[in-house]
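> Sharing run_39.cif (mmCIF, C-alpha atoms) below.
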data_query
#
loop_
_atom_site.label_atom_id
_atom_site.label_comp_id
_atom_site.auth_asym_id
_atom_site.auth_seq_id
_atom_site.Cartn_x
_atom_site.Cartn_y
_atom_site.Cartn_z
CA MET M 283 67.50 69.37 155.88
CA TYR M 284 69.88 70.11 158.74
CA ASP M 285 71.13 73.66 159.14
CA SER M 286 68.91 74.80 156.31
CA GLY M 287 69.07 78.39 157.50
CA LYS M 288 72.84 78.58 157.29
CA ILE M 289 72.98 76.74 153.97
CA ILE M 290 70.38 78.91 152.29
CA LEU M 291 72.01 82.06 153.63
CA GLY M 292 75.37 80.80 152.39
CA LEU M 293 73.93 80.06 148.98
CA ILE M 294 72.38 83.50 148.73
CA ILE M 295 75.71 85.12 149.63
CA PHE M 296 77.54 82.93 147.12
CA VAL M 297 75.13 83.70 144.27
CA GLY M 298 75.29 87.36 145.16
CA LEU M 299 79.07 87.44 145.05
CA PHE M 300 79.22 85.31 141.92
CA THR M 301 76.92 87.64 140.01
CA SER M 302 78.36 90.79 141.55
CA PRO M 303 79.99 91.98 138.29
CA VAL M 304 76.57 92.00 136.66
CA TRP M 305 75.08 94.00 139.51
CA TYR M 306 78.02 96.34 139.47
CA ASP M 307 77.58 97.02 135.76
CA LEU M 308 73.84 97.54 136.19
CA ALA M 309 74.34 99.90 139.10
CA SER M 310 77.04 101.94 137.41
CA GLY M 311 75.02 102.22 134.22
CA LYS M 312 77.66 100.49 132.14
CA ALA M 313 75.23 97.78 131.08
CA THR M 314 73.46 100.23 128.83
CA ASP M 315 76.73 101.34 127.20
CA LYS M 316 76.60 100.85 123.46
CA PRO M 317 79.28 101.19 120.81
CA ASN M 318 79.30 104.79 119.70
CA LEU M 319 80.58 104.90 116.15
CA VAL M 320 81.67 108.08 114.44
CA PHE M 321 81.00 107.91 110.72
CA PRO M 322 82.77 109.84 108.00
CA THR M 323 80.94 113.00 107.08
CA LYS M 324 82.67 114.31 103.97
CA GLU M 325 80.65 114.26 100.79
CA ASP M 326 83.11 112.08 98.85
CA GLN M 327 83.16 109.55 101.67
CA LYS M 328 79.46 108.76 101.61
CA GLU M 329 79.67 105.56 99.59
CA CYS M 330 81.13 102.44 101.14
CA VAL M 331 82.24 99.36 99.24
CA ASN M 332 79.05 97.59 100.31
CA THR M 333 75.88 98.28 102.27
CA ALA M 334 76.20 99.20 105.93
CA GLU M 335 74.15 96.11 106.79
CA TYR M 336 76.56 93.84 104.97
CA MET M 337 79.65 95.56 106.29
CA ARG M 338 78.41 95.35 109.85
CA GLU M 339 78.13 91.59 109.72
CA PHE M 340 80.67 90.54 107.13
CA HIS M 341 83.46 93.13 106.96
CA MET M 342 85.88 90.53 108.31
CA ASP M 343 84.94 88.08 105.55
CA LEU M 344 85.29 90.82 102.96
CA LEU M 345 88.71 91.76 104.30
CA ASN M 346 89.81 88.12 104.19
CA VAL M 347 88.74 87.87 100.57
CA TRP M 348 90.50 91.14 99.78
CA ARG M 349 93.65 89.88 101.44
CA ASP M 350 93.72 86.71 99.37
CA GLU M 351 92.83 88.52 96.15
CA VAL M 352 95.61 91.05 96.58
CA VAL M 353 98.39 88.97 98.07
CA ARG M 354 97.83 85.64 96.40
CA LYS M 355 96.13 86.52 93.11
CA GLY M 356 97.50 90.00 92.56
CA VAL M 357 94.02 91.43 91.90
CA ARG M 358 93.86 94.85 93.46
CA THR M 359 90.65 96.45 92.23
CA TYR M 360 87.24 95.79 93.70
CA THR M 361 84.01 96.53 91.92
CA SER M 362 81.16 97.32 94.25
CA ASN M 363 77.51 96.51 93.55
CA THR M 364 77.03 100.05 92.32
CA GLY M 365 79.81 99.59 89.77
CA LYS M 366 82.29 101.79 91.54
CA HIS M 367 85.94 100.72 91.64
CA PHE M 368 87.91 100.62 94.86
CA GLU M 369 91.46 99.59 95.63
CA MET M 370 91.36 96.55 97.86
CA SER M 371 93.34 98.00 100.72
CA LEU M 372 92.59 98.24 104.41
CA THR M 373 94.92 101.16 104.98
CA LYS M 374 94.08 103.09 101.83
CA THR M 375 90.41 102.40 101.13
CA CYS M 376 88.86 101.48 104.50
CA THR M 377 90.74 103.78 106.78
CA GLY M 378 90.87 106.40 104.04
CA CYS M 379 87.33 107.24 105.20
CA HIS M 380 87.13 105.63 108.63
CA SER M 381 90.23 107.45 109.68
CA ASN M 382 89.89 107.16 113.44
CA LYS M 383 90.39 103.63 114.68
CA ALA M 384 89.44 104.43 118.28
CA GLU M 385 86.15 105.99 117.23
CA PHE M 386 85.22 103.35 114.68
CA CYS M 387 86.93 99.95 114.71
CA ASP M 388 87.62 99.81 118.43
CA GLN M 389 84.09 100.78 119.41
CA CYS M 390 82.56 97.43 118.45
CA HIS M 391 85.70 95.34 118.84
CA ASN M 392 86.10 96.43 122.46
CA TYR M 393 82.39 96.07 123.12
CA LEU M 394 82.47 92.49 121.91
CA GLY M 395 85.86 91.72 123.40
CA VAL M 396 87.48 90.76 120.09
CA THR M 397 91.07 91.66 119.30
CA PRO M 398 91.67 91.32 115.58
CA TYR M 399 95.38 91.26 114.80
CA CYS M 400 95.14 93.34 111.61
CA TRP M 401 96.87 96.23 113.35
CA ASN M 402 99.86 94.19 114.45
CA CYS M 403 101.19 94.75 110.93
CA HIS M 404 98.89 97.15 109.09
CA VAL M 405 99.51 100.68 110.12
CA GLU M 406 96.75 102.45 111.98
CA PRO M 407 95.52 105.60 110.30
CA HIS M 408 97.37 108.66 111.60
CA SER M 409 99.31 106.59 114.10
CA ALA M 410 102.44 108.04 112.57
CA GLU M 411 101.20 111.56 113.31
CA ILE M 412 100.23 110.72 116.85
CA LYS M 413 103.73 109.49 117.55
CA GLN M 414 105.33 112.77 116.60
CA MET P 192 60.70 53.97 135.20
CA ASN P 193 57.73 55.97 136.23
CA GLU P 194 55.56 57.92 133.90
CA ASN P 195 56.87 61.30 135.03
CA ARG P 196 60.51 60.61 134.42
CA ARG P 197 59.74 59.13 130.99
CA LYS P 198 57.83 62.25 129.98
CA PHE P 199 60.61 64.43 131.28
CA LEU P 200 63.27 62.58 129.29
CA LYS P 201 61.18 62.74 126.12
CA LEU P 202 60.62 66.42 126.55
CA THR P 203 64.26 67.30 127.22
CA GLY P 204 65.31 65.19 124.24
CA LEU P 205 62.90 66.98 121.96
CA ALA P 206 63.93 70.34 123.31
CA ALA P 207 67.60 69.60 122.76
CA LEU P 208 66.88 68.48 119.20
CA GLY P 209 64.86 71.61 118.55
CA ALA P 210 67.59 73.85 119.88
CA ALA P 211 70.22 72.06 117.80
CA THR P 212 68.27 72.34 114.52
CA GLY P 213 67.60 75.98 115.24
CA LYS P 214 71.31 76.57 115.68
CA PHE P 215 72.15 74.66 112.49
CA ALA P 216 69.56 76.57 110.50
CA ASP P 217 71.18 79.76 111.77
CA VAL P 218 74.63 78.65 110.70
CA PHE P 219 73.42 77.67 107.25
CA ALA P 220 71.58 80.92 106.83
CA LYS P 221 74.75 82.84 107.62
CA GLU P 222 76.77 80.65 105.29
CA LYS P 223 74.33 81.31 102.48
CA LEU P 224 74.41 85.03 103.01
CA THR P 225 78.18 85.03 103.04
CA LYS P 226 78.30 83.10 99.79
CA ILE P 227 75.85 85.35 98.01
CA SER P 228 77.72 88.42 99.15
CA SER P 229 81.11 87.03 98.24
CA LEU P 230 79.85 86.73 94.68
CA ASN P 231 79.80 90.51 94.59
CA ILE P 232 83.44 90.56 95.47
CA THR P 233 84.36 88.77 92.26
CA GLY P 234 81.70 90.37 90.11
CA LYS P 235 81.34 90.30 86.35
CA LYS P 236 84.10 92.75 85.62
CA ARG P 237 86.64 90.43 87.12
CA THR P 238 88.25 89.59 83.78
CA THR P 239 89.20 93.20 83.22
CA LEU P 240 90.90 93.47 86.60
CA VAL P 241 94.23 91.99 85.64
CA GLY P 242 95.98 90.11 88.37
CA ILE P 243 99.26 88.37 87.70
CA ASP P 244 100.43 88.27 84.09
CA SER P 245 101.50 84.67 83.59
CA LYS P 246 103.10 85.47 80.23
CA LYS P 247 105.80 87.47 81.94
CA ARG P 248 108.91 86.28 83.73
CA TRP P 249 110.34 89.08 85.79
CA ALA P 250 114.10 89.19 86.24
CA MET P 251 116.85 91.67 86.95
CA VAL P 252 120.23 92.41 85.44
CA ILE P 253 122.81 94.24 87.54
CA ASP P 254 125.75 95.89 85.84
CA LEU P 255 128.51 95.73 88.43
CA LYS P 256 130.70 98.18 86.54
CA LYS P 257 128.02 100.85 86.88
CA CYS P 258 127.11 99.75 90.40
CA LEU P 259 130.67 100.20 91.64
CA VAL P 260 131.09 103.71 90.20
CA GLU P 261 129.95 105.44 93.37
CA GLU P 262 131.82 104.04 96.31
CA GLY P 263 129.82 103.24 99.43
CA CYS P 264 126.52 103.99 97.71
CA THR P 265 123.47 102.56 99.51
CA LYS P 266 120.70 104.28 97.55
CA CYS P 267 118.97 101.06 96.51
CA ILE P 268 119.11 99.65 100.03
CA ASP P 269 117.83 102.85 101.61
CA ALA P 270 114.97 103.22 99.14
CA CYS P 271 113.89 99.61 99.54
CA HIS P 272 114.12 99.49 103.29
CA LYS P 273 112.29 102.79 103.65
CA ILE P 274 109.20 101.99 101.61
CA HIS P 275 108.92 98.45 102.97
CA ASN P 276 109.21 99.41 106.63
CA VAL P 277 112.30 97.26 107.15
CA PRO P 278 113.41 97.56 110.77
CA ASP P 279 116.95 98.30 111.87
CA PHE P 280 117.73 96.20 114.93
CA GLU P 281 121.34 97.46 115.03
CA ASN P 282 122.46 93.99 116.15
CA PRO P 283 123.88 92.08 113.17
CA LYS P 284 122.51 88.83 114.58
CA ASP P 285 118.94 90.14 114.31
CA GLU P 286 119.50 92.05 111.08
CA ILE P 287 116.58 92.24 108.65
CA LYS P 288 117.72 92.75 105.09
CA TRP P 289 115.93 92.86 101.78
CA ILE P 290 118.93 94.17 99.85
CA TRP P 291 122.43 94.15 101.21
CA LYS P 292 126.01 94.09 99.99
CA GLU P 293 128.56 91.32 100.16
CA PRO P 294 132.16 91.31 98.92
CA TYR P 295 132.45 89.88 95.40
CA GLU P 296 134.21 86.70 96.60
CA GLN P 297 131.45 86.05 99.13
CA ALA P 298 128.64 86.75 96.72
CA PHE P 299 130.08 84.48 94.05
CA LEU P 300 131.65 81.59 95.93
CA ASP P 301 131.88 79.53 92.76
CA GLN P 302 134.18 82.10 91.13
CA GLU P 303 137.29 80.41 92.48
CA ASN P 304 139.96 82.23 90.52
CA TYR P 305 142.66 83.07 93.01
CA TYR P 306 143.55 86.29 91.21
CA GLN P 307 140.52 88.42 90.43
CA LYS P 308 140.28 91.52 88.34
CA ASP P 309 141.17 94.52 90.43
CA ASN P 310 137.90 96.25 89.76
CA LEU P 311 135.97 93.36 91.32
CA LYS P 312 138.25 92.13 94.07
CA ASP P 313 136.61 92.61 97.49
CA LYS P 314 134.14 95.02 95.96
CA PRO P 315 130.62 95.16 97.44
CA VAL P 316 127.98 93.47 95.30
CA PRO P 317 124.28 94.19 95.89
CA ILE P 318 122.42 90.98 96.59
CA PHE P 319 118.83 90.13 97.43
CA CYS P 320 116.26 87.41 96.76
CA ASN P 321 117.10 85.73 93.46
CA HIS P 322 113.47 84.90 92.68
CA CYS P 323 114.64 81.46 91.58
CA ASP P 324 112.85 79.50 88.93
CA ASN P 325 113.20 76.47 91.16
CA PRO P 326 112.96 78.02 94.60
CA PRO P 327 113.94 75.68 97.45
CA CYS P 328 112.23 77.93 100.01
CA VAL P 329 108.89 77.30 98.35
CA ARG P 330 109.35 73.54 98.44
CA VAL P 331 109.87 73.47 102.19
CA CYS P 332 107.26 76.00 103.32
CA PRO P 333 104.62 74.01 105.21
CA THR P 334 101.90 76.65 104.97
CA GLU P 335 102.34 77.93 101.41
CA ALA P 336 103.20 81.28 102.92
CA THR P 337 105.82 81.59 100.23
CA TRP P 338 105.18 80.54 96.66
CA LYS P 339 106.23 81.26 93.11
CA ARG P 340 103.82 83.45 91.22
CA GLU P 341 103.06 82.78 87.58
CA ASP P 342 105.22 85.75 86.62
CA GLY P 343 108.19 84.28 88.48
CA ILE P 344 108.15 86.41 91.62
CA VAL P 345 108.77 84.37 94.75
CA MET P 346 106.11 85.99 96.90
CA MET P 347 105.46 85.97 100.60
CA ASP P 348 102.13 86.01 102.38
CA TRP P 349 103.00 87.33 105.82
CA HIS P 350 99.49 86.51 106.98
CA ARG P 351 100.29 82.85 106.60
CA CYS P 352 103.87 82.69 107.82
CA ILE P 353 104.12 80.72 111.05
CA GLY P 354 107.80 81.51 111.57
CA CYS P 355 109.14 77.96 111.29
CA ARG P 356 112.17 79.26 109.34
CA TYR P 357 112.38 76.20 107.08
CA CYS P 358 112.64 78.62 104.15
CA MET P 359 115.64 80.29 105.76
CA ALA P 360 117.35 76.93 106.10
CA ALA P 361 116.51 76.04 102.51
CA CYS P 362 117.57 79.30 100.85
CA PRO P 363 121.20 78.97 99.75
CA TYR P 364 121.54 82.74 99.40
CA GLY P 365 120.58 83.88 102.90
CA SER P 366 117.93 86.09 101.36
CA ARG P 367 115.47 85.67 104.19
CA SER P 368 115.43 87.34 107.58
CA PHE P 369 113.48 86.52 110.70
CA ASN P 370 111.84 88.94 113.12
CA TRP P 371 112.99 87.79 116.52
CA ARG P 372 111.36 90.79 118.12
CA ASP P 373 108.51 93.13 117.34
CA PRO P 374 109.97 95.24 114.52
CA ARG P 375 107.70 98.27 114.98
CA PRO P 376 109.83 100.17 117.53
CA PHE P 377 112.87 99.73 115.28
CA ILE P 378 111.41 101.39 112.19
CA LYS P 379 112.40 105.02 111.94
CA ASP P 380 109.61 106.38 109.71
CA ILE P 381 106.74 103.98 109.27
CA ASP P 382 105.25 104.22 105.79
CA PRO P 383 101.51 103.79 106.43
CA ASP P 384 100.94 102.50 102.89
CA PHE P 385 102.93 99.34 103.54
CA PRO P 386 102.41 96.94 106.44
CA THR P 387 105.11 96.28 108.96
CA ARG P 388 105.79 92.72 109.94
CA THR P 389 105.23 91.21 113.32
CA LYS P 390 107.32 89.13 115.67
CA GLY P 391 107.88 85.58 114.44
CA VAL P 392 107.57 86.27 110.71
CA VAL P 393 110.12 85.77 107.96
CA GLU P 394 110.56 88.50 105.37
CA LYS P 395 112.45 89.14 102.16
CA CYS P 396 112.43 91.04 98.88
CA THR P 397 109.20 90.61 96.91
CA PHE P 398 110.45 92.34 93.76
CA CYS P 399 108.15 95.22 94.73
CA ASP P 400 105.05 93.35 93.65
CA GLU P 401 102.92 96.26 94.94
CA ARG P 402 104.74 98.65 92.58
CA ILE P 403 104.77 96.29 89.61
CA ALA P 404 101.00 95.96 89.97
CA LYS P 405 100.78 99.71 89.33
CA GLY P 406 103.17 99.56 86.39
CA GLN P 407 106.06 101.04 88.34
CA LEU P 408 109.61 99.74 88.55
CA PRO P 409 110.97 98.23 91.75
CA ALA P 410 112.10 100.89 94.21
CA CYS P 411 115.78 99.88 94.05
CA VAL P 412 115.83 100.19 90.26
CA GLU P 413 114.27 103.62 90.47
CA ALA P 414 116.65 104.75 93.21
CA CYS P 415 119.84 103.77 91.38
CA SER P 416 121.38 106.91 89.93
CA GLU P 417 123.83 104.94 87.77
CA LYS P 418 121.03 102.86 86.21
CA ALA P 419 123.00 99.76 87.19
CA MET P 420 119.88 97.75 87.91
CA VAL P 421 117.64 96.79 85.02
CA PHE P 422 114.30 95.13 85.59
CA GLY P 423 112.37 93.41 82.83
CA ASP P 424 110.60 90.45 81.31
CA LEU P 425 112.76 87.48 80.36
CA ASN P 426 110.00 85.95 78.24
CA ASP P 427 110.05 88.86 75.83
CA PRO P 428 113.04 88.43 73.45
CA LYS P 429 113.10 92.18 72.79
CA SER P 430 113.02 93.24 76.44
CA ASN P 431 115.77 95.33 78.01
CA VAL P 432 117.00 92.45 80.14
CA ARG P 433 117.18 90.04 77.22
CA GLU P 434 119.08 92.60 75.14
CA LEU P 435 121.59 93.09 77.95
CA LEU P 436 122.07 89.35 78.42
CA LYS P 437 122.50 88.89 74.69
CA GLU P 438 125.26 91.47 74.46
CA ASN P 439 127.12 90.88 77.71
CA PHE P 440 128.69 88.07 79.64
CA SER P 441 126.69 87.46 82.81
CA ILE P 442 127.03 85.37 85.93
CA ARG P 443 124.55 84.29 88.55
CA ARG P 444 124.94 83.33 92.18
CA LYS P 445 125.50 79.60 92.81
CA PRO P 446 123.89 78.37 89.59
CA GLU P 447 125.35 74.91 90.21
CA LEU P 448 122.72 74.31 92.90
CA GLY P 449 120.01 74.12 90.26
CA THR P 450 117.82 76.79 91.81
CA ASN P 451 117.95 78.79 88.59
CA PRO P 452 118.38 82.26 90.08
CA GLU P 453 116.92 85.08 87.99
CA ILE P 454 119.20 87.90 89.04
CA TYR P 455 121.99 88.28 86.49
CA TYR P 456 125.24 90.13 87.11
CA LEU P 457 127.31 91.69 84.35
CA VAL P 458 130.97 91.67 85.35
#
Written as structure tokens, that's how I'd like the structure from this file.

Amino acid sequence: MYDSGKIILGLIIFVGLFTSPVWYDLASGKATDKPNLVFPTKEDQKECVNTAEYMREFHMDLLNVWRDEVVRKGVRTYTSNTGKHFEMSLTKTCTGCHSNKAEFCDQCHNYLGVTPYCWNCHVEPHSAEIKQ
Amino acid sequence: MNENRRKFLKLTGLAALGAATGKFADVFAKEKLTKISSLNITGKKRTTLVGIDSKKRWAMVIDLKKCLVEEGCTKCIDACHKIHNVPDFENPKDEIKWIWKEPYEQAFLDQENYYQKDNLKDKPVPIFCNHCDNPPCVRVCPTEATWKREDGIVMMDWHRCIGCRYCMAACPYGSRSFNWRDPRPFIKDIDPDFPTRTKGVVEKCTFCDERIAKGQLPACVEACSEKAMVFGDLNDPKSNVRELLKENFSIRRKPELGTNPEIYYLV
């Protein structure tokens, strides 16, 4: 190979620059950042509509089903596996307990880089108070 | 082809196949889990959780004599627009309206009598979605974002609206408004219990479906101090609306179009 020294050096510099964001994150300790969720602590807020495991993976599916049940079928009450009744409402039931969007919803959504558009229309908990 | 290359191709092929099946198995596993879990959502007690009562046919009767008692009254409009987070764009071209008022002659274009009764002439008539029995907006909606419920309410699913505005073109009553801009900054007090809309979505009166579901009356009916608006079930011969229609002469807006509007006006 002609000019192998220059080429290899060039390649090393290129790979280094190309992967620099990764190195930067590793160096600054951001790579070990994890979503830090704040959970509701009040006694009457201990029970969710489903298990934490299920909610973690499928809350978006559940919310889609809720949406269709409420808007299209007019069914507004949800019966959980434990037999408890909940109103199918993002702003009343879900954020009734998880009342801080930045400390709960946004933690994972930002971490994963997803931007659900629920909040374009549905009102964030306490956002009215913050405005004042 | 030499032996080495052949082996290499075989191996990569097998590896690709393996990776693909692994991926598929993953997808199916997730699918299965979702299905099982969604069964919980519509559990056994479903039958007791009443949704839409298909035996009913909601309608409204508006007594104009009572409505016109208080001049310049906007109680019904204010109540409706407040609880539904209706924005006020201040520019009439962008106006969003669920209930609004129109002079009698404009509201009832088919009432052609040149000389009208004094108590009606040029008087403001409250108008809103007629919740037609044969709604033209529903026919044209390409995404089923608007549809007629079994109880007669012409509903809107703002999640599905793509903002094509076919419904606005089809509605002969101008009952639908379009959000040309993000409405949030133009809502004075946002009611957190009701969603706002977003840019590019059509909105209109939904007969307060969220209140009816709780057994409450529509907000406008409740707000009217003269009790000029009466909400009830047309399918029940003994209902308040049927009684009123039996005893009084009523008119509807543009009935000749065949849309079968379900808002009746007593004149």
> Could you spell out the hits of the PyMOL selection byres ((chain M) within 9 of (chain P)) on the shown file, as a PyMOL selection string?
chain M and resi 336+340+343-344+347-363+373-374+401-410
> Report the residues retrieved by the PyMOL selection byres ((chain P and resi 354-371) around 9) from the displayed file, expressed as a PyMOL selection string.
chain P and resi 285-290+298+318-321+326-333+337+352-353+372-374+388-396+444-445+448+450
> Give me the result of the PyMOL selection byres ((chain M and resi 310-322) around 7) on this file, residue by residue, as a PyMOL selection string.
chain M and resi 306-309+323-324+327+379-380+385-386+389-390+393
> Could you check how far atom CA of Asp424 of chain P sits from atom CA of Pro315 of chain P, in Å to one decimal?
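One can read the atom CA of Asp424 of chain P to atom CA of Pro315 of chain P distance as 26.1 Å.
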> What does the structure give for the distance between atom CA of Ile290 of chain M and atom CA of Leu200 of chain P, in Å to one decimal?
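Computed distance, atom CA of Ile290 of chain M to atom CA of Leu200 of chain P, equals 29.1 Å.
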> Just how far from atom CA of Pro376 of chain P is atom CA of Pro278 of chain P, in Å to one decimal?
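Computing it gives 8.1 Å between the two atoms.
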> Check the smallest atom-to-atom distance from each of P:His275, P:Lys257, P:Lys437, P:Lys312 to Leu425 of chain P using only C-alpha atoms, then report the winner.
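Among the listed residues, the smallest separation from Leu425 of chain P belongs to P:Lys437.
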> Restricting the calculation to only C-alpha atoms: of P:Val458, P:Pro294, P:His322, P:Cys399, which residue gets closest to Glu413 of chain P?
P:Cys399
> For Ala270 of chain P, which residue among P:Val316, P:Tyr456, P:Ala410, P:Ala210 is the nearest when counting only C-alpha atoms?
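Among the listed residues, the smallest separation from Ala270 of chain P belongs to P:Ala410.
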> So for segment 331-345 of chain M, what box centre and size do we get, axis-aligned, 5 Å extra on each of the six sides, every listed atom, Å to one decimal, as JSON?

{"center_x": 81.4, "center_y": 93.7, "center_z": 104.5, "size_x": 24.6, "size_y": 21.3, "size_z": 20.6}
> Between P:Ala250, P:Cys267, P:Ala207, P:Ile403, single out the one closest to Lys418 of chain P, counting only C-alpha atoms.
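Result for the nearest residue to Lys418 of chain P: P:Cys267.
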> Complete segment 325-347 of chain P at the level of N, CA and C atoms, written as a short mmCIF file (atom, residue, chain, number, x, y, z; two decimals), in the frame of the given file.

data_model
loop_
_atom_site.label_atom_id
_atom_site.label_comp_id
_atom_site.auth_asym_id
_atom_site.auth_seq_id
_atom_site.Cartn_x
_atom_site.Cartn_y
_atom_site.Cartn_z
N ASN P 325 113.42 77.71 90.43
CA ASN P 325 113.20 76.47 91.16
C ASN P 325 113.51 76.75 92.64
N PRO P 326 112.61 77.50 93.28
CA PRO P 326 112.96 78.02 94.60
C PRO P 326 112.87 76.96 95.71
N PRO P 327 113.98 76.68 96.38
CA PRO P 327 113.94 75.68 97.45
C PRO P 327 113.12 76.12 98.65
N CYS P 328 113.02 77.44 98.87
CA CYS P 328 112.23 77.93 100.01
C CYS P 328 110.77 77.55 99.85
N VAL P 329 110.29 77.59 98.60
CA VAL P 329 108.89 77.30 98.35
C VAL P 329 108.59 75.81 98.62
N ARG P 330 109.55 74.97 98.24
CA ARG P 330 109.35 73.54 98.44
C ARG P 330 109.17 73.17 99.91
N VAL P 331 109.88 73.88 100.79
CA VAL P 331 109.87 73.47 102.19
C VAL P 331 108.80 74.18 103.02
N CYS P 332 108.21 75.24 102.50
CA CYS P 332 107.26 76.00 103.32
C CYS P 332 106.02 75.14 103.61
N PRO P 333 105.74 74.89 104.88
CA PRO P 333 104.62 74.01 105.21
C PRO P 333 103.25 74.66 105.08
N THR P 334 103.21 75.98 104.98
CA THR P 334 101.90 76.65 104.97
C THR P 334 101.61 77.38 103.66
N GLU P 335 102.47 77.19 102.67
CA GLU P 335 102.34 77.93 101.41
C GLU P 335 102.35 79.44 101.65
N ALA P 336 103.06 79.85 102.67
CA ALA P 336 103.20 81.28 102.92
C ALA P 336 104.14 81.90 101.91
N THR P 337 104.99 81.09 101.32
CA THR P 337 105.82 81.59 100.23
C THR P 337 105.58 80.68 99.03
N TRP P 338 105.47 81.31 97.86
CA TRP P 338 105.18 80.54 96.66
C TRP P 338 105.65 81.31 95.46
N LYS P 339 105.77 80.59 94.33
CA LYS P 339 106.23 81.26 93.11
C LYS P 339 105.02 81.68 92.30
N ARG P 340 104.93 82.96 92.04
CA ARG P 340 103.82 83.45 91.22
C ARG P 340 104.03 83.06 89.77
N GLU P 341 102.96 83.17 88.99
CA GLU P 341 103.06 82.78 87.58
C GLU P 341 104.04 83.66 86.82
N ASP P 342 104.27 84.87 87.31
CA ASP P 342 105.22 85.75 86.62
C ASP P 342 106.63 85.62 87.21
N GLY P 343 106.85 84.58 88.02
CA GLY P 343 108.19 84.28 88.48
C GLY P 343 108.59 84.87 89.81
N ILE P 344 107.79 85.79 90.33
CA ILE P 344 108.15 86.41 91.62
C ILE P 344 107.92 85.39 92.74
N VAL P 345 108.95 85.22 93.56
CA VAL P 345 108.77 84.37 94.75
C VAL P 345 108.17 85.27 95.83
N MET P 346 106.88 85.10 96.03
CA MET P 346 106.11 85.99 96.90
C MET P 346 106.06 85.46 98.32
N MET P 347 105.70 86.37 99.21
CA MET P 347 105.46 85.97 100.60
C MET P 347 104.10 86.46 101.04
#
